[in-house]
Amino acid sequence: MAKPKIKAVIFDVDNTLIDFMKFKELAIEEAIYAMIAAGLKKKRDEIWQVLDKIYLEKGIEYQHVFDDALKILNGKIDYKMLASAIVAYRKVKAGHMEPYANVIPTLIELTRRGYKLGVISDAPKLQMWTRLCELKLQCFFEFVISSEDVGEHKPSPLPFKHALKILKLKPEEVAMVGDNYDRDIYGAKKMGMMAILARYGRLKHKIAGAKPPKIEHKEIKPDLIIGDISELLEAL
């Protein structure tokens with residue numbers, strides 16, 4: 001019996017479509033020096049360690065990392081320091097956030113071939129749509145699903161079930177592409193979807209909260225491992 005044809009592809013975004021950590025690390029570095037220039041009497045490495053700990057505890061998408069860091073390092077929030085950090089961070093983000101090479105040509109070709117495309121992300125929904133719009137990727141996707149829609153993060157089956165409901169497809173007709181083994185791959189395989197690991201998004205990073213986590217579900221294997229997103233075109 002022939003395997004069902006894949007009709008839709010769901011993507012994680014950060015470190016799958018967007019080189020998220022490249023700009024994140026550069027932006028944090030610039031924010032650190034901005035706080036020092038604004039009067040923070042701490043060494044660069046000490047500030048990095050505090051930010052690292054906050055990200056590790058509260059997640060890489062945590063929006064008040066500089067506020068918390070200043071409370072720890074300065075005893076209180078100094079708004080000159082905080083504003084300096086935010087402005088420096090945003091300037092670097094605007095200049096360095098970009099999709100991986102071949103993302104746009106691959107999405108164009110997938111669309112041309114008739115695949116339905118969507119996103120499942122653990123990031124807040126507005127933040128994810130904003131990120132996609134900043135890079136002019138929003139036109140490719142029919143939906144973005146976040147924990148705000150279903151109340152749970154990947155690998156919970158709820159985000160995947162919600163995607164299937166929107167797509168009106170069976171699990172075996174959908175492929176999930178992501179860099180996180182336990183959230184993206186395990187979550188998709190549990191639902192019976194094709195699971196594709198974006199190996200290029202699992203590089204080591206300076207930020208502890210962003211390092212690839214230890215794989216918990218070693219018994220679950222991806223259906224495909226890709227070193228470049230363009231490899232999807234041949235695989236599908």
# chains A, B, ... in the order shown; residues from 1 in each chain; ligands from 1
call {"tool": "select_by_dssp", "arguments": {"residues": "stretch 77-177 of chain A", "states": "strand (DSSP E or B)", "output": "number ranges by chain"}}
result
A: 99, 116-120, 144-145, 174-177
call {"tool": "write_last_selection", "arguments": {"atoms": "N, CA and C atoms", "output": "compact mmCIF listing (two decimals), in the first residue's frame"}}
result
# COMPACT_ATOMS: atom_id res chain seq x y z
N PRO A 99 16.52 35.18 7.78
CA PRO A 99 16.26 33.75 7.59
C PRO A 99 17.54 33.04 7.17
N LYS A 116 0.26 23.28 1.69
CA LYS A 116 -0.22 24.22 2.69
C LYS A 116 0.87 24.36 3.74
N LEU A 117 1.14 25.59 4.17
CA LEU A 117 2.23 25.85 5.11
C LEU A 117 1.70 26.53 6.36
N GLY A 118 2.22 26.11 7.50
CA GLY A 118 1.83 26.70 8.77
C GLY A 118 2.98 26.69 9.75
N VAL A 119 2.75 27.26 10.93
CA VAL A 119 3.76 27.37 11.97
C VAL A 119 3.19 26.89 13.29
N ILE A 120 3.98 26.12 14.03
CA ILE A 120 3.70 25.83 15.44
C ILE A 120 4.91 26.31 16.22
N VAL A 144 -0.44 30.55 12.36
CA VAL A 144 0.55 30.37 13.41
C VAL A 144 -0.19 29.87 14.64
N ILE A 145 0.27 28.76 15.18
CA ILE A 145 -0.32 28.20 16.40
C ILE A 145 0.69 28.35 17.53
N VAL A 174 0.82 15.21 6.80
CA VAL A 174 1.47 16.45 7.25
C VAL A 174 2.90 16.16 7.72
N ALA A 175 3.82 17.05 7.34
CA ALA A 175 5.21 16.97 7.80
C ALA A 175 5.49 18.12 8.75
N MET A 176 6.25 17.83 9.81
CA MET A 176 6.68 18.85 10.78
C MET A 176 8.18 19.02 10.67
N VAL A 177 8.65 20.26 10.53
CA VAL A 177 10.08 20.55 10.42
C VAL A 177 10.49 21.41 11.61
call {"tool": "closest_atom_pairs", "arguments": {"of": "stretch 43-94 of chain A", "to": "stretch 125-129 of chain A", "cutoff": "12 Å", "atoms": "only C-alpha atoms", "output": "CSV"}}
result
residue,atom,partner,partner_atom,distance
A:Glu61,CA,A:Gln127,CA,9.6
A:Tyr62,CA,A:Gln127,CA,11.5
A:Gln63,CA,A:Gln127,CA,10.6
call {"tool": "atom_distance", "arguments": {"atom1": "atom CA of A:Lys161", "atom2": "atom CA of A:Leu110"}}
result
22.3 Å
call {"tool": "closest_residue", "arguments": {"among": "A:Ala188, A:Ile32, A:Ala83, A:Ile77", "to": "A:Lys221", "atoms": "only C-alpha atoms"}}
result
A:Ala188
call {"tool": "residues_around", "arguments": {"residues": "A:Val87", "least_positions_apart": "4", "cutoff": "12 Å", "atoms": "only C-alpha atoms", "output": "list in words"}}
result
Ala27, Ile28, Glu30, Ala31, Ile32, Tyr33, Ala34, Met35, Phe66, Tyr79, Lys80, Met81, Leu82, Ala83, Lys91, Val92, Lys93 and Ala94 of chain A
call {"tool": "write_last_selection", "arguments": {"atoms": "C-alpha atoms", "output": "short mmCIF file (atom, residue, chain, number, x, y, z; two decimals), in the first residue's frame"}}
result
data_model
loop_
_atom_site.label_atom_id
_atom_site.label_comp_id
_atom_site.auth_asym_id
_atom_site.auth_seq_id
_atom_site.Cartn_x
_atom_site.Cartn_y
_atom_site.Cartn_z
CA ALA A 27 22.04 41.93 20.40
CA ILE A 28 22.67 40.85 23.98
CA GLU A 30 25.53 45.19 22.44
CA ALA A 31 22.95 45.65 25.22
CA ILE A 32 25.56 44.72 27.83
CA TYR A 33 27.99 47.37 26.62
CA ALA A 34 25.14 49.91 26.46
CA MET A 35 24.31 49.30 30.13
CA PHE A 66 17.23 43.29 31.37
CA TYR A 79 15.71 53.37 33.61
CA LYS A 80 18.60 55.04 31.82
CA MET A 81 20.45 51.70 31.84
CA LEU A 82 17.32 49.76 30.92
CA ALA A 83 16.43 52.06 28.02
CA LYS A 91 19.07 48.18 16.71
CA VAL A 92 21.11 44.99 16.40
CA LYS A 93 17.97 42.90 15.98
CA ALA A 94 16.80 45.08 13.10
#
call {"tool": "residues_around", "arguments": {"residues": "stretch 150-157 of chain A", "least_positions_apart": "3", "cutoff": "8 Å", "atoms": "only C-alpha atoms", "output": "list in words"}}
result
Ser121, Asp122, Ser146, Ser147, Phe160, Lys161, His162, Asp182, Arg183, Asp184, Tyr186, Gly187, Ala188, Lys190 and Met191 of chain A
call {"tool": "select_by_dssp", "arguments": {"residues": "stretch 151-188 of chain A", "states": "alpha helix (DSSP H)", "output": "PyMOL selection string"}}
result
chain A and resi 157-167+186-188
call {"tool": "write_last_selection", "arguments": {"atoms": "C-alpha atoms", "output": "PDB file, in the first residue's frame"}}
result
ATOM      1  CA  PRO A 157      -0.496  16.849  21.183  1.00  0.00           C
ATOM      2  CA  LEU A 158      -2.816  19.865  21.440  1.00  0.00           C
ATOM      3  CA  PRO A 159      -0.903  22.252  19.117  1.00  0.00           C
ATOM      4  CA  PHE A 160      -0.543  19.473  16.536  1.00  0.00           C
ATOM      5  CA  LYS A 161      -4.213  18.507  16.784  1.00  0.00           C
ATOM      6  CA  HIS A 162      -5.185  22.143  16.348  1.00  0.00           C
ATOM      7  CA  ALA A 163      -3.053  22.341  13.203  1.00  0.00           C
ATOM      8  CA  LEU A 164      -4.694  19.221  11.768  1.00  0.00           C
ATOM      9  CA  LYS A 165      -8.108  20.706  12.472  1.00  0.00           C
ATOM     10  CA  ILE A 166      -7.208  23.894  10.591  1.00  0.00           C
ATOM     11  CA  LEU A 167      -5.665  21.969   7.701  1.00  0.00           C
ATOM     12  CA  TYR A 186       8.771  13.726  19.403  1.00  0.00           C
ATOM     13  CA  GLY A 187       5.579  15.789  19.301  1.00  0.00           C
ATOM     14  CA  ALA A 188       5.058  15.200  15.580  1.00  0.00           C
TER      15      ALA A 188
END
call {"tool": "closest_residue", "arguments": {"among": "A:Glu25, A:Asp149, A:Glu173, A:Glu134", "to": "A:Tyr115", "atoms": "only C-alpha atoms"}}
result
A:Glu173
call {"tool": "closest_residue", "arguments": {"among": "A:Asp19, A:Asp179, A:Glu234, A:Asp14", "to": "A:Glu98", "atoms": "only C-alpha atoms"}}
result
A:Asp19
call {"tool": "atom_distance", "arguments": {"atom1": "atom CA of A:Val65", "atom2": "atom CA of A:Pro124"}}
result
15.9 Å
call {"tool": "atom_distance", "arguments": {"atom1": "atom CA of A:Ala38", "atom2": "atom CA of A:Leu70"}}
result
12.0 Å
call {"tool": "decode", "arguments": {"residues": "stretch 152-191 of chain A", "atoms": "C-alpha atoms", "output": "compact mmCIF listing (two decimals), in the first residue's frame"}}
result
# COMPACT_ATOMS: atom_id res chain seq x y z
CA GLU A 152 0.08 23.89 26.21
CA HIS A 153 3.51 23.89 24.58
CA LYS A 154 5.03 21.30 22.27
CA PRO A 155 5.36 18.30 22.52
CA SER A 156 1.80 18.29 23.86
CA PRO A 157 -0.50 16.85 21.18
CA LEU A 158 -2.82 19.87 21.44
CA PRO A 159 -0.90 22.25 19.12
CA PHE A 160 -0.54 19.47 16.54
CA LYS A 161 -4.21 18.51 16.78
CA HIS A 162 -5.19 22.14 16.35
CA ALA A 163 -3.05 22.34 13.20
CA LEU A 164 -4.69 19.22 11.77
CA LYS A 165 -8.11 20.71 12.47
CA ILE A 166 -7.21 23.89 10.59
CA LEU A 167 -5.67 21.97 7.70
CA LYS A 168 -8.47 19.37 7.59
CA LEU A 169 -5.87 16.70 6.95
CA LYS A 170 -4.82 13.37 8.45
CA PRO A 171 -1.56 13.22 10.49
CA GLU A 172 0.18 11.12 7.85
CA GLU A 173 -0.50 13.86 5.28
CA VAL A 174 1.47 16.45 7.25
CA ALA A 175 5.21 16.97 7.80
CA MET A 176 6.68 18.85 10.78
CA VAL A 177 10.08 20.55 10.42
CA GLY A 178 11.94 21.70 13.53
CA ASP A 179 15.28 21.85 15.32
CA ASN A 180 14.14 20.61 18.73
CA TYR A 181 14.25 16.84 19.06
CA ASP A 182 11.94 16.50 22.05
CA ARG A 183 9.40 19.21 21.18
CA ASP A 184 9.20 19.13 17.39
CA ILE A 185 10.24 15.59 16.47
CA TYR A 186 8.77 13.73 19.40
CA GLY A 187 5.58 15.79 19.30
CA ALA A 188 5.06 15.20 15.58
CA LYS A 189 5.88 11.49 15.72
CA LYS A 190 3.43 10.98 18.59
CA MET A 191 0.71 12.38 16.33
